[in-house]
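File shown: input.txt (compact mmCIF, C-alpha atoms).
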```txt
# COMPACT_ATOMS: atom_id res chain seq x y z
CA MET A 585 53.69 -91.43 30.22
CA LYS A 586 51.81 -93.68 27.81
CA ASP A 587 52.00 -91.01 25.10
CA ARG A 588 55.78 -90.70 25.56
CA GLY A 589 56.13 -94.47 25.28
CA GLN A 590 54.13 -94.55 22.05
CA GLU A 591 56.18 -91.66 20.69
CA LEU A 592 59.42 -93.50 21.48
CA VAL A 593 58.17 -96.62 19.69
CA SER A 594 57.29 -94.49 16.64
CA TRP A 595 60.74 -92.93 16.52
CA ILE A 596 62.45 -96.32 16.88
CA GLY A 597 60.18 -97.70 14.13
CA ALA A 598 61.09 -94.81 11.84
CA THR A 599 64.79 -95.34 12.56
CA LEU A 600 64.58 -99.05 11.73
CA ALA A 601 62.57 -98.32 8.57
CA ILE A 602 65.28 -95.93 7.36
CA ALA A 603 67.97 -98.46 8.27
CA LEU A 604 66.22 -101.18 6.23
CA LEU A 605 65.75 -98.81 3.29
CA VAL A 606 69.43 -97.82 3.30
CA HIS A 607 70.52 -101.44 3.75
CA PHE A 608 68.56 -102.77 0.77
CA ALA A 609 69.35 -99.73 -1.39
CA THR A 610 73.09 -100.30 -0.86
CA LEU A 611 72.70 -104.04 -1.51
CA TYR A 612 71.04 -103.19 -4.81
CA ALA A 613 73.59 -100.53 -5.73
CA ILE A 614 76.83 -102.30 -4.81
CA PRO A 615 77.04 -104.75 -7.77
CA ARG A 616 76.07 -102.06 -10.26
CA ARG A 617 78.54 -99.52 -8.90
CA ILE A 618 81.38 -102.03 -8.75
CA MET A 619 80.61 -103.30 -12.25
CA ALA A 620 80.47 -99.74 -13.63
CA ARG A 621 83.81 -98.92 -11.98
CA THR A 622 85.36 -102.12 -13.31
CA LEU A 623 84.14 -101.44 -16.85
CA ARG A 624 85.55 -97.90 -16.74
CA GLY A 625 88.85 -99.19 -15.40
CA MET A 626 89.25 -101.65 -18.26
CA GLY A 627 89.45 -98.94 -20.90
CA ALA A 628 87.56 -98.00 -24.03
CA PRO A 629 84.33 -99.92 -24.64
CA ASN A 630 83.80 -102.23 -27.61
CA THR A 631 87.52 -102.96 -27.79
CA MET A 632 89.38 -106.07 -26.67
CA HIS A 633 91.78 -105.55 -23.79
CA PHE A 634 94.44 -108.12 -22.96
CA GLY A 635 95.61 -108.43 -19.40
CA SER A 636 98.91 -109.87 -18.34
CA ARG A 637 98.93 -112.95 -16.16
CA PRO A 638 97.61 -111.99 -12.69
CA THR A 639 100.17 -111.54 -9.92
CA ALA A 640 100.06 -110.04 -6.44
CA ALA A 641 100.43 -106.65 -8.12
CA SER A 642 97.14 -107.10 -10.04
CA ARG A 643 94.50 -104.91 -8.42
CA GLY A 644 91.79 -104.70 -11.09
CA VAL A 645 89.39 -107.47 -10.06
CA MET A 646 89.39 -109.24 -6.71
CA ARG A 647 90.37 -112.90 -6.44
CA PRO A 648 91.94 -113.20 -9.88
CA SER A 649 93.14 -116.64 -10.92
CA PRO A 650 96.93 -116.70 -11.41
CA ASP A 651 96.51 -119.69 -13.73
CA MET A 652 94.47 -117.81 -16.31
CA LEU A 653 95.04 -115.51 -19.22
CA TYR A 654 92.22 -113.02 -19.48
CA ALA A 655 90.95 -111.00 -22.41
CA ALA A 656 88.07 -108.62 -21.81
CA CYS A 657 85.80 -106.44 -23.87
CA PRO A 658 83.66 -103.94 -21.96
CA PHE A 659 80.67 -103.32 -24.17
CA ASP A 660 78.25 -100.47 -24.68
CA LEU A 661 75.40 -101.19 -27.05
CA PRO A 662 73.39 -98.00 -27.47
CA ALA A 663 72.51 -98.78 -31.09
CA LYS A 664 74.96 -101.14 -32.71
CA PRO A 665 75.51 -104.85 -32.08
CA LEU A 666 78.94 -106.03 -31.07
CA ARG A 667 80.94 -108.67 -32.87
CA VAL A 668 83.45 -110.70 -30.86
CA THR A 669 85.78 -113.17 -32.56
CA ALA A 670 88.36 -115.43 -30.96
CA SER A 671 90.60 -118.36 -31.66
CA VAL A 672 89.94 -121.34 -29.45
CA PRO A 673 92.84 -123.32 -28.00
CA HIS A 674 91.39 -126.82 -27.67
CA SER A 675 94.44 -128.03 -25.76
CA THR A 676 93.29 -126.42 -22.52
CA TYR A 677 90.21 -125.02 -20.81
CA TRP A 678 88.96 -121.91 -22.56
CA SER A 679 85.68 -120.06 -22.19
CA ILE A 680 83.94 -116.95 -23.35
CA SER A 681 81.39 -115.46 -21.00
CA ALA A 682 79.18 -112.40 -20.84
CA PHE A 683 78.12 -110.35 -17.82
CA ASP A 684 75.44 -107.69 -17.57
CA ASP A 685 75.72 -104.42 -15.66
CA ALA A 686 74.43 -106.12 -12.49
CA THR A 687 77.21 -108.78 -12.60
CA ASN A 688 74.93 -111.61 -13.83
CA ASN A 689 76.67 -114.18 -16.00
CA PHE A 690 74.10 -114.41 -18.83
CA PHE A 691 76.17 -116.40 -21.33
CA VAL A 692 79.05 -118.84 -21.25
CA ARG A 693 80.56 -121.23 -23.75
CA ASN A 694 83.72 -123.27 -23.42
CA ASP A 695 86.15 -124.83 -25.88
CA ARG A 696 84.40 -128.21 -25.76
CA GLN A 697 81.19 -126.57 -26.97
CA VAL A 698 82.91 -124.99 -29.96
CA THR A 699 83.15 -127.10 -33.10
CA GLY A 700 85.96 -125.33 -34.97
CA ASN A 701 89.11 -123.47 -34.03
CA SER A 702 87.40 -120.10 -33.84
CA VAL A 703 84.20 -118.65 -32.53
CA GLU A 704 82.10 -115.58 -33.24
CA LEU A 705 79.72 -113.93 -30.83
CA LEU A 706 77.18 -111.35 -31.90
CA VAL A 707 76.04 -109.42 -28.84
CA MET A 708 72.93 -107.31 -29.27
CA ARG A 709 69.86 -105.93 -27.52
CA HIS A 710 66.34 -107.16 -28.16
CA GLY A 711 64.80 -105.06 -30.92
CA GLN A 712 68.06 -104.29 -32.68
CA PRO A 713 68.08 -105.28 -36.36
CA LEU A 714 70.28 -108.25 -37.22
CA PRO A 715 73.28 -107.02 -39.25
CA PRO A 716 74.40 -108.76 -42.49
CA LEU A 717 76.24 -111.91 -41.47
CA ASP A 718 79.23 -113.61 -43.05
CA LYS A 719 79.33 -117.38 -43.21
CA VAL A 720 81.36 -118.53 -40.23
CA THR A 721 81.98 -121.90 -38.63
CA ASP A 722 80.60 -121.17 -35.21
CA ARG A 723 78.47 -118.20 -34.32
CA SER A 724 76.29 -117.44 -31.31
CA ILE A 725 73.82 -114.59 -31.19
CA VAL A 726 73.51 -113.37 -27.63
CA PHE A 727 70.91 -110.92 -26.37
CA ALA A 728 72.29 -108.76 -23.58
CA PRO A 729 69.87 -107.84 -20.78
CA SER A 730 71.61 -104.47 -20.35
CA SER A 731 73.27 -102.15 -22.81
CA ARG A 732 76.50 -102.17 -20.80
CA GLY A 733 78.42 -105.19 -19.65
CA LEU A 734 81.47 -107.28 -20.24
CA ILE A 735 82.68 -110.11 -22.47
CA LEU A 736 85.40 -112.09 -20.73
CA MET A 737 87.62 -114.83 -22.11
CA ARG A 738 89.49 -117.19 -19.81
CA THR A 739 92.32 -119.47 -20.91
CA VAL A 740 93.89 -121.87 -18.44
CA ILE A 741 97.69 -121.91 -18.44
CA ASP A 742 97.94 -125.68 -18.14
CA ASN A 743 101.72 -125.72 -18.48
CA GLU A 744 104.28 -122.93 -18.20
CA LYS A 745 105.94 -124.10 -21.41
CA ASN A 746 102.69 -123.46 -23.30
CA LEU A 747 102.38 -119.86 -22.10
CA PRO A 748 103.84 -118.11 -25.21
CA VAL A 749 101.63 -120.14 -27.55
CA LEU A 750 98.52 -119.54 -25.44
CA GLU A 751 99.26 -115.81 -25.22
CA ALA A 752 99.53 -115.64 -29.00
CA VAL A 753 96.20 -117.43 -29.40
CA VAL A 754 94.45 -115.22 -26.83
CA ARG A 755 95.71 -112.06 -28.53
CA GLN A 756 93.91 -112.98 -31.73
CA ALA A 757 90.60 -112.09 -30.08
CA ARG A 758 88.79 -109.07 -31.45
CA CYS A 759 85.79 -107.05 -30.38
CA GLU A 760 84.19 -104.31 -32.44
CA SER A 761 80.96 -102.57 -33.18
CA VAL A 762 79.44 -104.22 -36.26
CA ALA A 763 78.72 -100.90 -37.92
CA ASP A 764 82.36 -99.87 -37.43
CA LYS A 765 83.49 -102.78 -39.56
CA ARG A 766 81.12 -102.36 -42.47
CA MET B 275 64.09 -82.06 22.14
CA LYS B 276 62.90 -80.12 19.12
CA LEU B 277 61.17 -81.99 16.32
CA ALA B 278 63.89 -81.10 13.79
CA THR B 279 66.57 -82.48 16.09
CA LYS B 280 64.60 -85.70 16.54
CA ILE B 281 64.16 -86.12 12.78
CA ALA B 282 67.87 -85.49 12.19
CA ALA B 283 68.79 -88.03 14.85
CA VAL B 284 66.47 -90.64 13.32
CA LEU B 285 67.95 -90.03 9.87
CA ILE B 286 71.57 -90.21 11.04
CA ILE B 287 71.07 -93.29 13.19
CA GLY B 288 68.93 -95.01 10.51
CA VAL B 289 71.50 -94.41 7.75
CA ALA B 290 74.36 -95.50 10.03
CA LEU B 291 72.53 -98.71 10.98
CA GLY B 292 71.70 -99.47 7.34
CA LEU B 293 75.30 -98.97 6.22
CA ALA B 294 76.61 -101.02 9.14
CA ALA B 295 74.23 -103.87 8.27
CA THR B 296 75.54 -103.84 4.69
CA TRP B 297 79.15 -103.75 5.90
CA PHE B 298 78.72 -106.72 8.23
CA THR B 299 76.68 -108.86 5.81
CA VAL B 300 78.49 -108.10 2.56
CA VAL B 301 81.99 -106.74 3.16
CA ARG B 302 83.02 -108.23 6.49
CA ILE B 303 80.65 -111.23 6.37
CA VAL B 304 80.66 -111.89 10.11
CA ILE B 305 78.39 -114.92 9.72
CA PRO B 306 79.75 -117.60 7.30
CA VAL B 307 77.40 -118.11 4.39
CA GLY B 308 76.81 -120.73 1.73
CA LEU B 309 76.68 -124.50 1.58
CA ARG B 310 79.33 -126.34 3.54
CA ASP B 311 81.50 -129.26 2.45
CA GLY B 312 84.10 -129.85 5.17
CA PRO B 313 86.07 -126.61 5.58
CA TRP B 314 84.91 -125.42 2.15
CA ARG B 315 81.89 -123.24 1.47
CA THR B 316 80.14 -122.48 -1.80
CA ASN B 317 77.11 -120.60 -3.04
CA LEU B 318 75.38 -122.21 -6.00
CA MET B 319 73.66 -119.00 -7.03
CA VAL B 320 76.93 -117.23 -7.90
CA GLY B 321 76.71 -115.58 -11.32
CA ASN B 322 73.04 -116.52 -11.62
CA SER B 323 70.42 -113.89 -12.45
CA GLY B 324 68.21 -115.48 -9.79
CA ALA B 325 70.77 -114.74 -7.07
CA ASP B 326 69.45 -112.81 -4.09
CA LEU B 327 70.64 -109.30 -3.26
CA TYR B 328 73.13 -110.54 -0.66
CA THR B 329 74.75 -113.11 -2.93
CA ARG B 330 75.09 -110.66 -5.80
CA ALA B 331 76.58 -107.97 -3.58
CA ARG B 332 79.02 -110.41 -1.92
CA VAL B 333 80.17 -111.74 -5.28
CA ALA B 334 80.66 -108.20 -6.58
CA VAL B 335 82.79 -107.30 -3.55
CA HIS B 336 84.76 -110.52 -3.13
CA GLY B 337 84.88 -112.20 -6.54
CA LEU B 338 83.47 -110.20 -9.41
CA LEU B 339 82.88 -111.94 -12.75
CA ALA B 340 82.37 -115.40 -11.30
CA LEU B 341 80.91 -117.94 -13.68
CA SER B 342 77.65 -119.73 -13.03
CA ARG B 343 77.55 -123.16 -11.44
CA SER B 344 77.20 -125.16 -14.65
CA GLU B 345 80.59 -123.90 -15.81
CA THR B 346 82.54 -123.42 -12.60
CA ILE B 347 82.00 -124.05 -8.91
CA TYR B 348 83.95 -121.91 -6.47
CA PHE B 349 84.66 -123.15 -2.94
CA THR B 350 86.27 -120.92 -0.34
CA ALA B 351 87.86 -121.93 2.96
CA ALA B 352 88.64 -119.55 5.78
CA HIS B 353 88.93 -122.34 8.38
CA ASP B 354 90.71 -125.68 8.58
CA ASN B 355 89.09 -129.09 9.10
CA ASP B 356 89.00 -128.50 12.85
CA GLY B 357 87.07 -125.28 12.40
CA GLU B 358 90.01 -123.05 13.37
CA PRO B 359 90.51 -119.84 11.34
CA LEU B 360 93.34 -120.10 8.80
CA ASP B 361 96.41 -118.34 10.19
CA ALA B 362 99.32 -117.34 7.98
CA GLY B 363 101.66 -117.88 10.92
CA CYS B 364 100.96 -121.62 10.71
CA VAL B 365 101.70 -124.31 8.15
CA TYR B 366 98.84 -126.29 6.60
CA GLN B 367 98.58 -129.46 4.59
CA VAL B 368 95.89 -129.57 1.89
CA SER B 369 95.55 -133.17 0.87
CA GLY B 370 93.26 -135.42 -1.07
CA ARG B 371 92.53 -136.63 -4.55
CA ASP B 372 91.58 -134.81 -7.71
CA PRO B 373 88.06 -133.39 -7.45
CA ASP B 374 85.74 -134.64 -10.18
CA ALA B 375 86.18 -131.78 -12.63
CA ARG B 376 87.94 -131.14 -15.89
CA TRP B 377 90.39 -128.75 -14.24
CA TRP B 378 90.85 -127.46 -10.71
CA SER B 379 93.07 -125.06 -8.82
CA ILE B 380 93.68 -124.04 -5.20
CA THR B 381 94.74 -120.42 -4.69
CA ALA B 382 95.63 -118.46 -1.56
CA TYR B 383 94.32 -114.90 -1.10
CA GLY B 384 95.10 -112.24 1.48
CA PRO B 385 92.50 -110.40 3.58
CA ASP B 386 92.12 -107.85 0.77
CA ASP B 387 91.01 -110.67 -1.62
CA PHE B 388 94.12 -110.26 -3.78
CA LEU B 389 97.00 -112.65 -4.39
CA ILE B 390 99.59 -112.74 -1.60
CA PRO B 391 102.98 -111.20 -2.53
CA ASN B 392 105.89 -113.60 -2.15
CA SER B 393 109.40 -113.81 -3.53
CA ALA B 394 108.72 -117.15 -5.20
CA TRP B 395 105.82 -115.69 -7.26
CA ARG B 396 103.74 -118.71 -6.35
CA TYR B 397 100.06 -118.33 -5.65
CA SER B 398 98.36 -121.61 -6.51
CA VAL B 399 98.54 -125.30 -7.30
CA SER B 400 96.39 -126.81 -10.01
CA LYS B 401 95.40 -130.09 -11.56
CA THR B 402 98.12 -129.73 -14.15
CA THR B 403 100.90 -128.58 -11.81
CA VAL B 404 100.34 -130.68 -8.68
CA ALA B 405 102.73 -133.56 -7.96
CA ARG B 406 100.91 -136.75 -7.01
CA THR B 407 102.02 -139.83 -5.13
CA GLN B 408 101.81 -143.27 -6.71
CA ASP B 409 98.26 -143.83 -5.50
CA GLY B 410 97.14 -140.62 -7.22
CA SER B 411 96.66 -138.53 -4.09
CA PHE B 412 98.39 -135.23 -3.44
CA SER B 413 99.56 -133.20 -0.48
CA ILE B 414 100.07 -129.44 -0.79
CA GLN B 415 101.94 -127.39 1.81
CA VAL B 416 100.43 -123.97 2.43
CA GLY B 417 102.67 -121.55 4.32
CA GLY B 418 106.05 -122.02 5.97
CA ARG B 419 109.27 -122.65 4.09
CA GLY B 420 108.94 -124.98 1.16
CA SER B 421 109.89 -125.74 -2.38
CA GLY B 422 108.64 -127.70 -5.35
CA SER B 423 105.31 -127.57 -7.12
CA ASN B 424 103.20 -128.53 -4.07
CA TRP B 425 103.87 -125.41 -2.03
CA ILE B 426 101.94 -122.16 -1.71
CA PRO B 427 103.82 -119.50 0.30
CA LEU B 428 101.99 -117.01 2.52
CA ALA B 429 102.64 -113.59 3.98
CA PRO B 430 102.11 -112.89 7.69
CA GLU B 431 98.44 -111.96 7.46
CA ARG B 432 95.02 -113.57 7.49
CA PHE B 433 94.33 -115.65 4.39
CA SER B 434 91.75 -117.84 2.71
CA LEU B 435 91.83 -120.48 0.01
CA THR B 436 89.70 -120.74 -3.12
CA LEU B 437 89.15 -124.05 -4.85
CA ARG B 438 87.92 -123.65 -8.42
CA LEU B 439 86.33 -126.55 -10.27
CA TYR B 440 86.10 -125.82 -13.98
CA ASN B 441 83.61 -127.97 -15.88
CA PRO B 442 82.63 -129.96 -12.79
CA SER B 443 81.15 -133.39 -13.47
CA GLU B 444 77.37 -133.55 -13.60
CA LEU B 445 77.33 -135.26 -10.22
CA VAL B 446 79.40 -132.50 -8.62
CA ALA B 447 77.35 -129.74 -10.24
CA LEU B 448 74.13 -131.32 -8.93
CA ASP B 449 75.37 -132.09 -5.44
CA PRO B 450 78.57 -130.17 -4.60
CA ILE B 451 78.26 -130.54 -0.83
CA ASP B 452 78.60 -134.32 -1.04
CA THR B 453 81.71 -134.07 -3.19
CA VAL B 454 84.93 -135.28 -1.60
CA LEU B 455 87.18 -132.21 -1.46
CA PRO B 456 90.75 -131.84 -0.18
CA ALA B 457 91.17 -131.69 3.59
CA ILE B 458 92.91 -128.73 5.26
CA ARG B 459 94.93 -129.68 8.33
CA LYS B 460 97.15 -127.53 10.49
CA MET B 461 100.66 -129.04 10.72
CA GLY B 462 102.02 -126.55 13.23
CA CYS B 463 102.71 -122.91 13.98
CA PRO B 464 106.49 -122.34 14.03
```

As structure tokens - that is how I would like this structure written.
Amino acid sequence: MKDRGQELVSWIGATLAIALLVHFATLYAIPRRIMARTLRGMGAPNTMHFGSRPTAASRGVMRPSPDMLYAACPFDLPAKPLRVTASVPHSTYWSISAFDDATNNFFVRNDRQVTGNSVELLVMRHGQPLPPLDKVTDRSIVFAPSSRGLILMRTVIDNEKNLPVLEAVVRQARCESVADKR
Amino acid sequence: MKLATKIAAVLIIGVALGLAATWFTVVRIVIPVGLRDGPWRTNLMVGNSGADLYTRARVAVHGLLALSRSETIYFTAAHDNDGEPLDAGCVYQVSGRDPDARWWSITAYGPDDFLIPNSAWRYSVSKTTVARTQDGSFSIQVGGRGSGSNWIPLAPERFSLTLRLYNPSELVALDPIDTVLPAIRKMGCP
């Protein structure tokens, strides 16, 4: 009787151990799987993609802000750094942010932290050689913790009347592999 | 029972329990999580590399690409000020004064975490679109029949509200749970 009781406890312990393992494995995997799916869904890497203003029909990313214009560049940095350039509309909130493949927001800069009317971001991995650099007004060199991730620009639509102007400014953003340009 | 059968049962039950635990803590979130400020809840580790496994997974499922706290604070409400779950069959009043941030918005989302379809194409009210009274306060109608800039229509389904504070003041960023945020009060259920 005692042996059967001990055996039952062992089986229950094994069941709970497997449950914990599966639970934490899925917790670890969920952000990475969702981020990978999102990056694939955005289109070709190292290219800027411009989304239309989110509506109820938008199904790309959950809880989108309907007051924002988004521009996104999924990046893949196997060997070459990535250069991102954008015009900055100082009349409204604007930010450029970077996310790694585990959804961590490892860089963000907003319009108030930019001195001129444009900004350049050089995204690279540690150990990659720095490419030749042009003289620009405002440049940030950002080291990505993963070779895949996302650059995301947000522009607040502060007034409906400003929408065409803001869209034109947002669409000036570019994203390209440095070696592709030179 | 044969040993192989016992091992198979342990594996199946263990995997099922593990997946169920993930579903209830990340997808369904049966227990409300985060810091509480009135009906609003927030998690200050959103977007942060130091976030725990649960926070990161919840953000990935319910609000991917959220910015870190220094740039934006996200509050979500699934209940009103009386603690009752938000019900799209009712009409709510969201009232208060501008939160201490450069820009803010209040947006309604359906149970699928997407914007709620409506014929008016209205999903949110923001700092730059809200109509204020003479004393600077505002009152937003959520649900029911309405018009004007201070109205967010709903569809007949469960919903939640997200309050975004972009470039929150230093005080708010340091202590968001003591920030005065808009109240959510049920006005009736027609």

Residues of chain A within 8 Å of chain B, counting all atoms listed in the file, as a short mmCIF file (atom, residue, chain, number, x, y, z; two decimals) with C-alpha atoms, keeping the file's coordinate frame:
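So the final result, stored in result-v1.cif, reads:
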```
data_model
loop_
_atom_site.label_atom_id
_atom_site.label_comp_id
_atom_site.auth_asym_id
_atom_site.auth_seq_id
_atom_site.Cartn_x
_atom_site.Cartn_y
_atom_site.Cartn_z
CA TRP A 595 60.74 -92.93 16.52
CA ILE A 596 62.45 -96.32 16.88
CA ALA A 598 61.09 -94.81 11.84
CA THR A 599 64.79 -95.34 12.56
CA LEU A 600 64.58 -99.05 11.73
CA ALA A 601 62.57 -98.32 8.57
CA ILE A 602 65.28 -95.93 7.36
CA ALA A 603 67.97 -98.46 8.27
CA LEU A 604 66.22 -101.18 6.23
CA LEU A 605 65.75 -98.81 3.29
CA VAL A 606 69.43 -97.82 3.30
CA HIS A 607 70.52 -101.44 3.75
CA PHE A 608 68.56 -102.77 0.77
CA THR A 610 73.09 -100.30 -0.86
CA LEU A 611 72.70 -104.04 -1.51
CA TYR A 612 71.04 -103.19 -4.81
CA ILE A 614 76.83 -102.30 -4.81
CA PRO A 615 77.04 -104.75 -7.77
CA ILE A 618 81.38 -102.03 -8.75
CA MET A 619 80.61 -103.30 -12.25
CA THR A 639 100.17 -111.54 -9.92
CA ALA A 640 100.06 -110.04 -6.44
CA ALA A 641 100.43 -106.65 -8.12
CA SER A 642 97.14 -107.10 -10.04
CA ARG A 643 94.50 -104.91 -8.42
CA VAL A 645 89.39 -107.47 -10.06
CA MET A 646 89.39 -109.24 -6.71
CA ARG A 647 90.37 -112.90 -6.44
CA PRO A 648 91.94 -113.20 -9.88
CA SER A 649 93.14 -116.64 -10.92
CA PRO A 650 96.93 -116.70 -11.41
CA ASP A 651 96.51 -119.69 -13.73
CA TYR A 677 90.21 -125.02 -20.81
CA SER A 681 81.39 -115.46 -21.00
CA PHE A 683 78.12 -110.35 -17.82
CA THR A 687 77.21 -108.78 -12.60
CA ASN A 688 74.93 -111.61 -13.83
CA ASN A 689 76.67 -114.18 -16.00
CA PHE A 690 74.10 -114.41 -18.83
CA VAL A 692 79.05 -118.84 -21.25
CA ASP A 742 97.94 -125.68 -18.14
CA ASN A 743 101.72 -125.72 -18.48
#
```

Of the candidates B:Pro373, B:Thr316, B:Lys460, B:Gly363, which one gets nearest to Tyr348 in chain B if we count only C-alpha atoms?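 Under the stated criterion, the closest residue is B:Thr316.
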
Show me, as a list in words, the residues that have an atom within 12 Å of Gly420 in chain B when counting all atoms listed in the file, minus same-chain residues fewer than 3 positions from it.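 Once the adjacent positions are removed, what remains is Val365, Tyr366, Gln367, Ala394, Arg396, Ile414, Gln415, Val416, Gly417, Ser423, Asn424, Trp425, Ile426, Pro427 and Leu428 of chain B.
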
Env of range 705-712 of chain A: 8 Å cut, atoms = all atoms listed in the file, seq-sep filter 4 positions within chain, self excluded. Answer as a list of chain:residue names.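 After dropping sequence-adjacent residues, the list is A:Leu661, A:Ala663, A:Lys664, A:Pro665, A:Leu666, A:Arg667, A:Val668, A:Thr669, A:Arg723, A:Ser724, A:Ile725, A:Val726, A:Phe727, A:Ala728, A:Pro729, A:Ser730, A:Ser731.
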
So for range 373-376 of chain B, what box centre and size do we get, axis-aligned, 3 Å extra on each of the six sides, every listed atom, Å to one decimal, as JSON?
```
{"center_x": 86.9, "center_y": -132.9, "center_z": -11.7, "size_x": 8.3, "size_y": 9.5, "size_z": 14.4}
```

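Interatomic distance, CA of Ala670 in chain A against CA of Leu734 in chain A: 15.1 Å.
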
B:Leu448, B:Cys463, B:Ala457, B:Ala362: which is nearest Arg432 in chain B, counting all atoms listed in the file? B:Ala362

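Compared by their closest atoms to Pro385 in chain B, and using only C-alpha atoms, the residues B:Ala352, B:Met461, B:Leu277, B:Val307 rank with B:Ala352 nearest.
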
Point-to-point distance from CA of Ala656 in chain A to CA of Phe634 in chain A, Å rounded to tenths: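 Spanning CA of Ala656 in chain A to CA of Phe634 in chain A is a straight-line distance of 6.5 Å.
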
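If you count only C-alpha atoms and ignore residues fewer than 3 places along the chain from Ser702 in chain A, what sits within 9 Å of it is Thr669, Ala670, Ser671, Val672, Pro673, Val698, Thr699, Val720, Thr721 and Asp722 of chain A.
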
Would you mind reading off the distance between CA of Val753 in chain A and CA of Thr739 in chain A, one decimal, in Å?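 It comes out at 9.6 Å.
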